[in-house]
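Q: For reference, this is work_5.pdb, and it has PDB, C-alpha atoms.
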```pdb
ATOM      1  CA  MET A 402     -27.044  -9.889 -53.784
ATOM      2  CA  THR A 403     -23.709 -10.254 -55.565
ATOM      3  CA  ILE A 404     -22.345  -7.101 -53.887
ATOM      4  CA  LEU A 405     -23.592  -8.295 -50.478
ATOM      5  CA  LYS A 406     -22.016 -11.703 -50.965
ATOM      6  CA  THR A 407     -18.723 -10.055 -51.999
ATOM      7  CA  ILE A 408     -18.758  -7.776 -48.947
ATOM      8  CA  SER A 409     -19.601 -10.766 -46.737
ATOM      9  CA  ARG A 410     -16.751 -12.825 -48.212
ATOM     10  CA  ARG A 411     -14.332  -9.912 -47.726
ATOM     11  CA  ALA A 412     -15.481  -9.420 -44.148
ATOM     12  CA  ILE A 413     -15.031 -13.126 -43.423
ATOM     13  CA  PHE A 414     -11.579 -13.023 -45.044
ATOM     14  CA  ARG A 415     -10.524  -9.976 -43.016
ATOM     15  CA  ARG A 416     -11.714 -11.589 -39.777
ATOM     16  CA  ALA A 417      -9.886 -14.795 -40.644
ATOM     17  CA  MET A 418      -6.684 -12.894 -41.428
ATOM     18  CA  SER A 419      -6.987 -10.880 -38.196
ATOM     19  CA  LEU A 420      -7.438 -14.067 -36.197
ATOM     20  CA  THR A 421      -4.477 -15.698 -37.926
ATOM     21  CA  LEU A 422      -2.251 -12.686 -37.204
ATOM     22  CA  ALA A 423      -3.402 -12.546 -33.579
ATOM     23  CA  LEU A 424      -2.726 -16.224 -33.054
ATOM     24  CA  GLY A 425       0.636 -15.895 -34.754
ATOM     25  CA  LEU A 426       1.592 -12.950 -32.549
ATOM     26  CA  ALA A 427       0.478 -14.792 -29.427
ATOM     27  CA  ALA A 428       2.490 -17.837 -30.456
ATOM     28  CA  ALA A 429       5.512 -15.646 -31.101
ATOM     29  CA  LEU A 430       5.272 -13.981 -27.712
ATOM     30  CA  LEU A 431       4.448 -17.109 -25.710
ATOM     31  CA  PRO A 432       7.978 -18.558 -25.519
ATOM     32  CA  PHE A 433       9.317 -15.265 -24.168
ATOM     33  CA  SER A 434       6.696 -14.991 -21.436
ATOM     34  CA  ARG A 435       6.912 -18.646 -20.464
ATOM     35  CA  ASN A 436      10.691 -19.009 -20.593
ATOM     36  CA  ALA A 437      11.660 -15.735 -18.932
ATOM     37  CA  ALA A 438      12.454 -17.668 -15.756
ATOM     38  CA  SER A 439      12.135 -21.303 -16.732
ATOM     39  CA  ALA A 440      15.021 -22.463 -14.549
ATOM     40  CA  ALA A 441      13.944 -25.130 -12.076
ATOM     41  CA  THR A 442      17.239 -26.008 -10.371
ATOM     42  CA  PRO A 443      20.124 -24.072  -8.823
ATOM     43  CA  ASP A 444      22.425 -25.318 -11.598
ATOM     44  CA  GLU A 445      20.098 -23.988 -14.298
ATOM     45  CA  ILE A 446      19.945 -20.586 -12.565
ATOM     46  CA  LYS A 447      23.746 -20.511 -12.433
ATOM     47  CA  ALA A 448      23.915 -21.404 -16.130
ATOM     48  CA  ARG A 449      21.453 -18.642 -17.018
ATOM     49  CA  GLY A 450      23.446 -16.159 -14.935
ATOM     50  CA  LYS A 451      20.545 -14.355 -13.281
ATOM     51  CA  PHE A 452      18.276 -14.977 -10.305
ATOM     52  CA  LEU A 453      14.759 -13.530 -10.605
ATOM     53  CA  VAL A 454      12.968 -13.009  -7.294
ATOM     54  CA  GLY A 455       9.456 -11.625  -6.805
ATOM     55  CA  VAL A 456       9.150  -9.213  -3.849
ATOM     56  CA  LEU A 457       6.458  -6.901  -2.508
ATOM     57  CA  THR A 458       7.070  -3.147  -2.536
ATOM     58  CA  ASP A 459       3.927  -2.047  -0.700
ATOM     59  CA  TYR A 460       4.373  -3.818   2.642
ATOM     60  CA  PRO A 461       7.339  -2.340   4.523
ATOM     61  CA  PRO A 462       9.475  -3.274   6.279
ATOM     62  CA  PHE A 463       9.132  -6.776   4.806
ATOM     63  CA  GLY A 464       8.870  -5.333   1.315
ATOM     64  CA  GLY A 465       9.127  -1.627   0.541
ATOM     65  CA  THR A 466      11.293   0.742  -1.489
ATOM     66  CA  ASP A 467      14.423   2.788  -0.815
ATOM     67  CA  ALA A 468      15.146   6.444  -1.598
ATOM     68  CA  ASN A 469      15.640   5.509  -5.256
ATOM     69  CA  GLN A 470      12.321   3.634  -5.393
ATOM     70  CA  LYS A 471      14.138   0.299  -5.647
ATOM     71  CA  PRO A 472      12.811  -2.729  -3.754
ATOM     72  CA  ALA A 473      14.120  -2.829  -0.189
ATOM     73  CA  GLY A 474      13.288  -4.611   3.042
ATOM     74  CA  TYR A 475      13.602  -7.877   4.916
ATOM     75  CA  ASP A 476      12.613  -9.983   1.910
ATOM     76  CA  ALA A 477      14.972  -8.155  -0.459
ATOM     77  CA  ASP A 478      17.872  -8.657   1.961
ATOM     78  CA  VAL A 479      17.166 -12.391   2.098
ATOM     79  CA  ALA A 480      17.112 -12.465  -1.721
ATOM     80  CA  VAL A 481      20.486 -10.686  -1.832
ATOM     81  CA  LEU A 482      22.046 -13.366   0.385
ATOM     82  CA  MET A 483      20.403 -16.092  -1.676
ATOM     83  CA  ALA A 484      21.773 -14.742  -4.968
ATOM     84  CA  LYS A 485      25.203 -14.402  -3.371
ATOM     85  CA  SER A 486      25.056 -18.028  -2.272
ATOM     86  CA  LEU A 487      24.106 -19.061  -5.812
ATOM     87  CA  GLY A 488      26.897 -16.897  -7.217
ATOM     88  CA  VAL A 489      24.728 -15.035  -9.738
ATOM     89  CA  PRO A 490      23.401 -11.467 -10.148
ATOM     90  CA  LEU A 491      20.035 -10.734  -8.562
ATOM     91  CA  GLU A 492      17.048  -9.111 -10.239
ATOM     92  CA  LEU A 493      14.241  -8.120  -7.898
ATOM     93  CA  VAL A 494      10.845  -8.161  -9.615
ATOM     94  CA  PRO A 495       8.089  -6.121  -7.882
ATOM     95  CA  VAL A 496       4.878  -8.101  -7.367
ATOM     96  CA  THR A 497       1.582  -7.414  -5.620
ATOM     97  CA  GLY A 498      -0.567  -9.549  -3.373
ATOM     98  CA  PRO A 499      -2.972 -10.538  -6.193
ATOM     99  CA  ASN A 500      -0.342 -11.204  -8.882
ATOM    100  CA  ARG A 501       2.255 -13.037  -6.785
ATOM    101  CA  ILE A 502       1.139 -16.537  -7.729
ATOM    102  CA  PRO A 503       0.438 -15.739 -11.423
ATOM    103  CA  TYR A 504       3.948 -14.268 -11.810
ATOM    104  CA  LEU A 505       5.416 -17.455 -10.396
ATOM    105  CA  LEU A 506       3.263 -19.906 -12.339
ATOM    106  CA  THR A 507       3.835 -18.111 -15.669
ATOM    107  CA  ASN A 508       7.616 -18.293 -15.180
ATOM    108  CA  LYS A 509       8.256 -14.572 -14.845
ATOM    109  CA  ILE A 510      10.269 -15.245 -11.681
ATOM    110  CA  ASP A 511      12.203 -18.123 -10.143
ATOM    111  CA  VAL A 512      10.849 -17.764  -6.618
ATOM    112  CA  LEU A 513       8.586 -15.636  -4.479
ATOM    113  CA  ILE A 514      10.120 -14.079  -1.363
ATOM    114  CA  ALA A 515       7.131 -11.899  -0.654
ATOM    115  CA  THR A 516       5.812 -12.217   2.929
ATOM    116  CA  PHE A 517       3.801 -15.210   1.763
ATOM    117  CA  GLY A 518       1.972 -16.935   4.592
ATOM    118  CA  ILE A 519       2.016 -20.724   4.393
ATOM    119  CA  THR A 520      -1.595 -21.882   4.147
ATOM    120  CA  ALA A 521      -3.360 -25.060   3.085
ATOM    121  CA  GLU A 522      -5.146 -23.251   0.249
ATOM    122  CA  ARG A 523      -1.915 -21.850  -1.193
ATOM    123  CA  GLN A 524      -0.201 -25.226  -0.924
ATOM    124  CA  LYS A 525      -2.585 -26.464  -3.597
ATOM    125  CA  GLN A 526      -0.930 -24.098  -6.088
ATOM    126  CA  VAL A 527       2.690 -23.692  -4.992
ATOM    127  CA  LEU A 528       5.534 -25.481  -3.245
ATOM    128  CA  PHE A 529       6.654 -23.782  -0.011
ATOM    129  CA  SER A 530      10.068 -23.663   1.598
ATOM    130  CA  ASN A 531      10.479 -23.945   5.339
ATOM    131  CA  PRO A 532       9.627 -20.647   7.085
ATOM    132  CA  TYR A 533      12.229 -17.899   6.709
ATOM    133  CA  SER A 534      10.233 -15.182   8.512
ATOM    134  CA  ALA A 535       7.126 -14.736  10.598
ATOM    135  CA  LEU A 536       4.459 -12.099  10.774
ATOM    136  CA  THR A 537       4.222 -11.952  14.532
ATOM    137  CA  ILE A 538       1.392 -10.498  16.608
ATOM    138  CA  TYR A 539       2.446  -9.141  19.997
ATOM    139  CA  VAL A 540       1.330  -7.216  23.019
ATOM    140  CA  LEU A 541       3.642  -4.191  22.729
ATOM    141  CA  ALA A 542       4.418  -1.637  25.420
ATOM    142  CA  PRO A 543       7.196   0.690  26.584
ATOM    143  CA  LYS A 544      10.109  -0.945  28.343
ATOM    144  CA  ASN A 545       9.116   0.467  31.739
ATOM    145  CA  VAL A 546       5.610  -1.035  31.592
ATOM    146  CA  VAL A 547       5.604  -4.385  33.399
ATOM    147  CA  ILE A 548       3.814  -7.050  31.355
ATOM    148  CA  GLN A 549       5.286 -10.529  31.680
ATOM    149  CA  LYS A 550       2.203 -12.730  31.544
ATOM    150  CA  PRO A 551      -1.470 -12.448  30.553
ATOM    151  CA  GLU A 552      -2.514 -11.717  34.154
ATOM    152  CA  ASP A 553      -0.488  -8.488  34.029
ATOM    153  CA  LEU A 554      -2.819  -7.087  31.352
ATOM    154  CA  LYS A 555      -5.329  -6.309  34.099
ATOM    155  CA  ASN A 556      -2.981  -3.627  35.396
ATOM    156  CA  VAL A 557      -2.685  -1.636  32.137
ATOM    157  CA  SER A 558      -4.856  -0.058  29.482
ATOM    158  CA  ILE A 559      -4.427  -1.821  26.160
ATOM    159  CA  GLY A 560      -5.736  -0.995  22.708
ATOM    160  CA  THR A 561      -6.134  -2.895  19.465
ATOM    161  CA  ALA A 562      -7.864  -2.787  16.113
ATOM    162  CA  ARG A 563     -11.452  -3.975  16.392
ATOM    163  CA  ALA A 564     -12.176  -7.543  15.129
ATOM    164  CA  SER A 565      -8.516  -8.060  14.183
ATOM    165  CA  THR A 566      -6.349 -11.135  14.772
ATOM    166  CA  GLN A 567      -4.787  -9.394  17.733
ATOM    167  CA  ASP A 568      -8.208  -8.465  19.147
ATOM    168  CA  THR A 569      -9.207 -12.132  19.095
ATOM    169  CA  ALA A 570      -5.893 -13.249  20.587
ATOM    170  CA  ILE A 571      -5.915 -10.701  23.418
ATOM    171  CA  SER A 572      -9.548 -11.394  24.234
ATOM    172  CA  ALA A 573      -8.695 -15.084  24.608
ATOM    173  CA  ILE A 574      -5.979 -14.546  27.226
ATOM    174  CA  MET A 575      -6.864 -11.383  29.143
ATOM    175  CA  PRO A 576      -8.198 -11.678  32.679
ATOM    176  CA  ALA A 577     -11.539 -10.246  33.716
ATOM    177  CA  GLY A 578     -11.393  -6.506  34.290
ATOM    178  CA  THR A 579      -8.767  -5.780  31.613
ATOM    179  CA  GLN A 580      -9.151  -2.296  30.098
ATOM    180  CA  LEU A 581      -9.263  -3.274  26.428
ATOM    181  CA  LYS A 582     -10.037  -0.394  24.077
ATOM    182  CA  ARG A 583     -11.014  -1.327  20.533
ATOM    183  CA  TYR A 584     -10.288   1.093  17.708
ATOM    184  CA  ASP A 585     -11.498   1.132  14.125
ATOM    185  CA  ASP A 586      -8.083   0.258  12.647
ATOM    186  CA  ASP A 587      -4.385  -0.215  13.399
ATOM    187  CA  ALA A 588      -3.580   3.410  12.572
ATOM    188  CA  THR A 589      -5.980   4.716  15.243
ATOM    189  CA  ALA A 590      -4.683   2.249  17.834
ATOM    190  CA  LEU A 591      -1.135   3.247  16.922
ATOM    191  CA  GLN A 592      -1.931   6.899  17.458
ATOM    192  CA  ALA A 593      -3.461   6.076  20.831
ATOM    193  CA  ILE A 594      -0.246   4.580  22.204
ATOM    194  CA  ILE A 595       1.853   7.371  20.694
ATOM    195  CA  SER A 596      -0.304   9.992  22.408
ATOM    196  CA  GLY A 597      -0.364   8.118  25.730
ATOM    197  CA  GLN A 598      -4.080   7.283  25.701
ATOM    198  CA  ILE A 599      -3.179   3.631  26.261
ATOM    199  CA  GLN A 600      -0.170   1.896  27.822
ATOM    200  CA  ALA A 601      -0.001  -1.145  25.557
ATOM    201  CA  ILE A 602      -1.130  -2.205  22.110
ATOM    202  CA  GLY A 603      -1.894  -5.442  20.318
ATOM    203  CA  ALA A 604      -0.107  -5.216  16.956
ATOM    204  CA  SER A 605       2.229  -6.954  14.502
ATOM    205  CA  ASN A 606       5.993  -6.729  14.110
ATOM    206  CA  THR A 607       5.424  -4.316  11.207
ATOM    207  CA  ILE A 608       3.860  -1.864  13.681
ATOM    208  CA  LEU A 609       6.710  -2.540  16.106
ATOM    209  CA  ALA A 610       9.231  -1.608  13.423
ATOM    210  CA  GLN A 611       7.334   1.582  12.598
ATOM    211  CA  LEU A 612       7.202   2.618  16.256
ATOM    212  CA  ASN A 613      10.900   1.952  16.813
ATOM    213  CA  LYS A 614      11.816   3.873  13.683
ATOM    214  CA  ASP A 615       9.584   6.916  14.109
ATOM    215  CA  TYR A 616       9.230   7.078  17.911
ATOM    216  CA  PRO A 617      12.378   5.522  19.437
ATOM    217  CA  GLN A 618      11.885   7.608  22.588
ATOM    218  CA  LEU A 619       8.881   5.447  23.496
ATOM    219  CA  ASN A 620      11.129   2.380  23.910
ATOM    220  CA  ILE A 621       8.426   0.014  22.671
ATOM    221  CA  GLU A 622       9.211  -3.694  22.960
ATOM    222  CA  PRO A 623       7.364  -7.029  22.656
ATOM    223  CA  LYS A 624       5.856  -8.221  25.934
ATOM    224  CA  ILE A 625       3.718 -11.231  24.984
ATOM    225  CA  THR A 626       3.780 -13.120  21.689
ATOM    226  CA  LEU A 627       0.175 -13.768  20.679
ATOM    227  CA  LYS A 628       0.405 -15.423  17.283
ATOM    228  CA  GLU A 629       2.870 -16.203  14.501
ATOM    229  CA  GLN A 630       2.170 -16.517  10.782
ATOM    230  CA  ALA A 631       4.905 -18.561   9.133
ATOM    231  CA  ASN A 632       6.086 -17.065   5.837
ATOM    232  CA  GLY A 633       7.713 -19.265   3.225
ATOM    233  CA  MET A 634       9.403 -18.840  -0.121
ATOM    234  CA  ALA A 635       7.171 -20.154  -2.901
ATOM    235  CA  PHE A 636       8.140 -22.213  -5.940
ATOM    236  CA  ARG A 637       6.408 -23.930  -8.806
ATOM    237  CA  LYS A 638       5.320 -27.434  -7.850
ATOM    238  CA  ALA A 639       7.911 -29.039 -10.148
ATOM    239  CA  ASP A 640      10.837 -27.027  -8.740
ATOM    240  CA  THR A 641      11.630 -29.427  -5.928
ATOM    241  CA  ALA A 642      15.409 -29.161  -6.368
ATOM    242  CA  LEU A 643      15.339 -25.388  -5.904
ATOM    243  CA  ALA A 644      13.043 -25.710  -2.886
ATOM    244  CA  GLU A 645      15.347 -28.274  -1.261
ATOM    245  CA  TRP A 646      18.395 -26.063  -1.901
ATOM    246  CA  SER A 647      16.508 -23.109  -0.401
ATOM    247  CA  ASN A 648      15.665 -25.040   2.780
ATOM    248  CA  LYS A 649      19.391 -25.677   3.300
ATOM    249  CA  PHE A 650      20.117 -22.004   2.617
ATOM    250  CA  ILE A 651      17.500 -20.858   5.153
ATOM    251  CA  ALA A 652      18.896 -23.215   7.800
ATOM    252  CA  GLU A 653      22.404 -21.876   7.113
ATOM    253  CA  ILE A 654      21.583 -18.163   7.453
ATOM    254  CA  ALA A 655      19.459 -18.868  10.527
ATOM    255  CA  ALA A 656      22.348 -20.740  12.151
ATOM    256  CA  ASN A 657      25.096 -18.225  11.311
ATOM    257  CA  GLY A 658      23.121 -15.204  12.517
ATOM    258  CA  GLN A 659      22.673 -13.474   9.158
ATOM    259  CA  LEU A 660      18.899 -13.839   9.277
ATOM    260  CA  SER A 661      18.814 -12.416  12.793
ATOM    261  CA  GLU A 662      20.839  -9.413  11.607
ATOM    262  CA  ILE A 663      18.312  -8.800   8.835
ATOM    263  CA  ASN A 664      15.486  -8.971  11.371
ATOM    264  CA  LYS A 665      17.320  -6.532  13.633
ATOM    265  CA  ARG A 666      17.937  -4.141  10.730
ATOM    266  CA  TRP A 667      14.280  -3.948   9.766
ATOM    267  CA  PHE A 668      12.402  -4.687  13.003
ATOM    268  CA  GLY A 669      14.803  -3.418  15.641
ATOM    269  CA  ILE A 670      15.135  -6.729  17.494
ATOM    270  CA  PRO A 671      17.106  -9.943  16.905
ATOM    271  CA  LEU A 672      15.262 -12.929  15.477
ATOM    272  CA  SER A 673      14.002 -14.983  18.400
ATOM    273  CA  GLY A 674      13.562 -18.050  16.222
ATOM    274  CA  LEU A 675      11.647 -19.280  13.204
ATOM    275  CA  PRO A 676       8.206 -20.882  13.544
ATOM    276  CA  PRO A 677       7.837 -24.554  12.629
ATOM    277  CA  MET A 678       6.532 -25.581   9.232
ATOM    278  CA  PRO A 679       2.729 -25.556   9.493
ATOM    279  CA  THR A 680       0.932 -28.847   9.048
ATOM    280  CA  PHE A 681      -2.524 -29.090   7.528
TER     281      PHE A 681
END
```
Using structure tokens, write down the structure that the file contains.
A:
Amino acid sequence: MTILKTISRRAIFRRAMSLTLALGLAAALLPFSRNAASAATPDEIKARGKFLVGVLTDYPPFGGTDANQKPAGYDADVAVLMAKSLGVPLELVPVTGPNRIPYLLTNKIDVLIATFGITAERQKQVLFSNPYSALTIYVLAPKNVVIQKPEDLKNVSIGTARASTQDTAISAIMPAGTQLKRYDDDATALQAIISGQIQAIGASNTILAQLNKDYPQLNIEPKITLKEQANGMAFRKADTALAEWSNKFIAEIAANGQLSEINKRWFGIPLSGLPPMPTF
């Protein structure tokens, strides 16, 4: 019994010491993880001397990588201009769709510029800027294909991904008798227009950019705008000063043409305009 009690006491002691060390280590690490990007105002970012921006690297051309596997794309270019306006060096922090909000809320970054659609659900967690980009769904076709209005769809064969946003949007506007071909995914629909099986396609501006980059001879252009998803920069709820500064910055680069140049660089067309701030 005495030996068992001794072993039990030692086991309890070891567990207690392990717990104490673990808690101590967690406490030691916590300030570093929480304060990595604790700045909440432009002045605090300037004082720190670094601007930390979360960007996607798996969703080109909004967020991809360059030949050196560094973040590159529409969002990265906007971040570059933003850091320049602040007058501080930029550090781009790769994020993913699932970890975007956690990275922001745990202070690993100052702001998300990561093709982040403004939705009512997300507004419960973050503070959005005014839109700085839009994920736009179009009817796309070669330049020599005449499509100016929904009624013109009856005269062409058009394809789209089955049960997609663009499928729903086209179905809502097309006249009776339209030759709409539904494919299993965007990649199959994309291949159909490349091979000439269809004359037009319902797809996003990301597909438009891919077509213009890889198949410029097709002369694909937007014909009808079907839907726009407004994308905003995201901030922590308390960072109202940074969000307000960012809204002024977005208005400035939209007015002076810099944002349109970024859109042209990555999507092949000038920016036609930014969508309004969604209301919920």
Q: Please identify all polymer residues within 7 Å of A:Gln630, counting only C-alpha atoms, omitting same-chain residues fewer than 2 positions from it, and present them as a PyMOL selection string.
A: chain A and resi 518+535-537+628+632
Q: Counting all atoms listed in the file, which residue out of A:Thr516, A:Thr507, A:Gln580, A:Ser572 sits closest to A:Pro462?
A: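 Ranking A:Thr516, A:Thr507, A:Gln580, A:Ser572 by distance to A:Pro462, first place goes to A:Thr516.
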Q: Using only C-alpha atoms for the distances, tell me which of A:Ala521, A:Ile538, A:Ile651, A:Ile502 is nearest to A:Ser486.
A: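 The closest residue to A:Ser486 is A:Ile651.
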Q: Can you give me, as a PyMOL selection string, the residues this file yields under the PyMOL selection byres ((chain A and resi 577) around 12)?
A: chain A and resi 551-556+571-576+578-581
Q: Under the PyMOL selection byres ((chain A and resi 661-663) around 8), which residues of this model are included? Write them out as a CSV table (one decimal) with C-alpha atoms, keeping the file's coordinate frame.
A:
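Below you can see out04.csv, which holds the result:
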```csv
chain,number,residue,atom,x,y,z
A,475,TYR,CA,13.6,-7.9,4.9
A,478,ASP,CA,17.9,-8.7,2.0
A,479,VAL,CA,17.2,-12.4,2.1
A,655,ALA,CA,19.5,-18.9,10.5
A,658,GLY,CA,23.1,-15.2,12.5
A,659,GLN,CA,22.7,-13.5,9.2
A,660,LEU,CA,18.9,-13.8,9.3
A,664,ASN,CA,15.5,-9.0,11.4
A,665,LYS,CA,17.3,-6.5,13.6
A,666,ARG,CA,17.9,-4.1,10.7
A,667,TRP,CA,14.3,-3.9,9.8
A,671,PRO,CA,17.1,-9.9,16.9
A,672,LEU,CA,15.3,-12.9,15.5
A,673,SER,CA,14.0,-15.0,18.4
```
Q: Under the PyMOL selection byres ((chain A and resi 587-595) around 10), which residues of this model are included? Write them out as an NGL selection string.
A: :A and (541-543 or 558-563 or 565 or 582-586 or 596-605 or 608-609 or 611-612 or 616 or 619 or 621)
Q: Go ahead and fit an axis-aligned box to every listed atom of stretch 607-623 of chain A plus 4 Å each side, and pass me the centre and edge lengths in Å, one decimal, as AutoDock Vina command-line options.
A:
```
--center_x 8.1 --center_y 0.3 --center_z 17.6 --size_x 16.5 --size_y 22.6 --size_z 20.7
```
Q: When distances are computed from all atoms listed in the file, which of A:Ala631, A:Val454, A:Ile548, A:Val527 shows the smallest separation from A:Thr680?
A: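 Result for the nearest residue to A:Thr680: A:Ala631.
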Q: Quick check, in Å to one decimal: how far apart do atom CA of A:Leu505 and atom CA of A:Gln526 lie?
A: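 Straight-line distance from atom CA of A:Leu505 to atom CA of A:Gln526 works out to 10.1 Å.
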Q: Work out how far atom CA of A:Arg501 is from atom CA of A:Leu528, in Å to one decimal.
A: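 So the two atoms, atom CA of A:Leu528 and atom CA of A:Arg501, lie 13.3 Å apart.
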Q: Find the residues near A:Phe529: any atom within 8 Å, counting all atoms listed in the file, skip ones fewer than 5 places away on the same chain, and give them as a ChimeraX atom specification.
A: /A:519,524,633-636,644
Q: Calculate how many Å separate atom CA of A:Arg449 from atom CA of A:Pro490, rounding to one decimal.
A: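 About the pair atom CA of A:Arg449 and atom CA of A:Pro490: they are 10.1 Å apart.
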Q: Counting all atoms listed in the file, which residue out of A:Asp476, A:Glu622, A:Asp444, A:Glu645 sits closest to A:Asn531?
A: A:Glu645
Q: Considering all atoms listed in the file, state which residue in the set A:Ala564, A:Leu453, A:Ala610, A:Ile446 is at the smallest distance from A:Asp511.
A: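 Answer, going by the shortest atom-to-atom distance: A:Leu453.
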Q: Might you pull out every residue within 8 Å of stretch 469-474 of chain A, with only C-alpha atoms counted and same-chain residues fewer than 2 positions away left off, and present them as a VMD selection string?
A: chain A and resid 456 to 458 461 to 467 476 to 478 493 495 667
Q: Output C-alpha atoms of each residue in that selection to a file, as a PDB file, in the coordinates of the input.
A:
```pdb
ATOM      1  CA  VAL A 456       9.150  -9.213  -3.849  1.00  0.00           C
ATOM      2  CA  LEU A 457       6.458  -6.901  -2.508  1.00  0.00           C
ATOM      3  CA  THR A 458       7.070  -3.147  -2.536  1.00  0.00           C
ATOM      4  CA  PRO A 461       7.339  -2.340   4.523  1.00  0.00           C
ATOM      5  CA  PRO A 462       9.475  -3.274   6.279  1.00  0.00           C
ATOM      6  CA  PHE A 463       9.132  -6.776   4.806  1.00  0.00           C
ATOM      7  CA  GLY A 464       8.870  -5.333   1.315  1.00  0.00           C
ATOM      8  CA  GLY A 465       9.127  -1.627   0.541  1.00  0.00           C
ATOM      9  CA  THR A 466      11.293   0.742  -1.489  1.00  0.00           C
ATOM     10  CA  ASP A 467      14.423   2.788  -0.815  1.00  0.00           C
ATOM     11  CA  ASP A 476      12.613  -9.983   1.910  1.00  0.00           C
ATOM     12  CA  ALA A 477      14.972  -8.155  -0.459  1.00  0.00           C
ATOM     13  CA  ASP A 478      17.872  -8.657   1.961  1.00  0.00           C
ATOM     14  CA  LEU A 493      14.241  -8.120  -7.898  1.00  0.00           C
ATOM     15  CA  PRO A 495       8.089  -6.121  -7.882  1.00  0.00           C
ATOM     16  CA  TRP A 667      14.280  -3.948   9.766  1.00  0.00           C
TER      17      TRP A 667
END
```
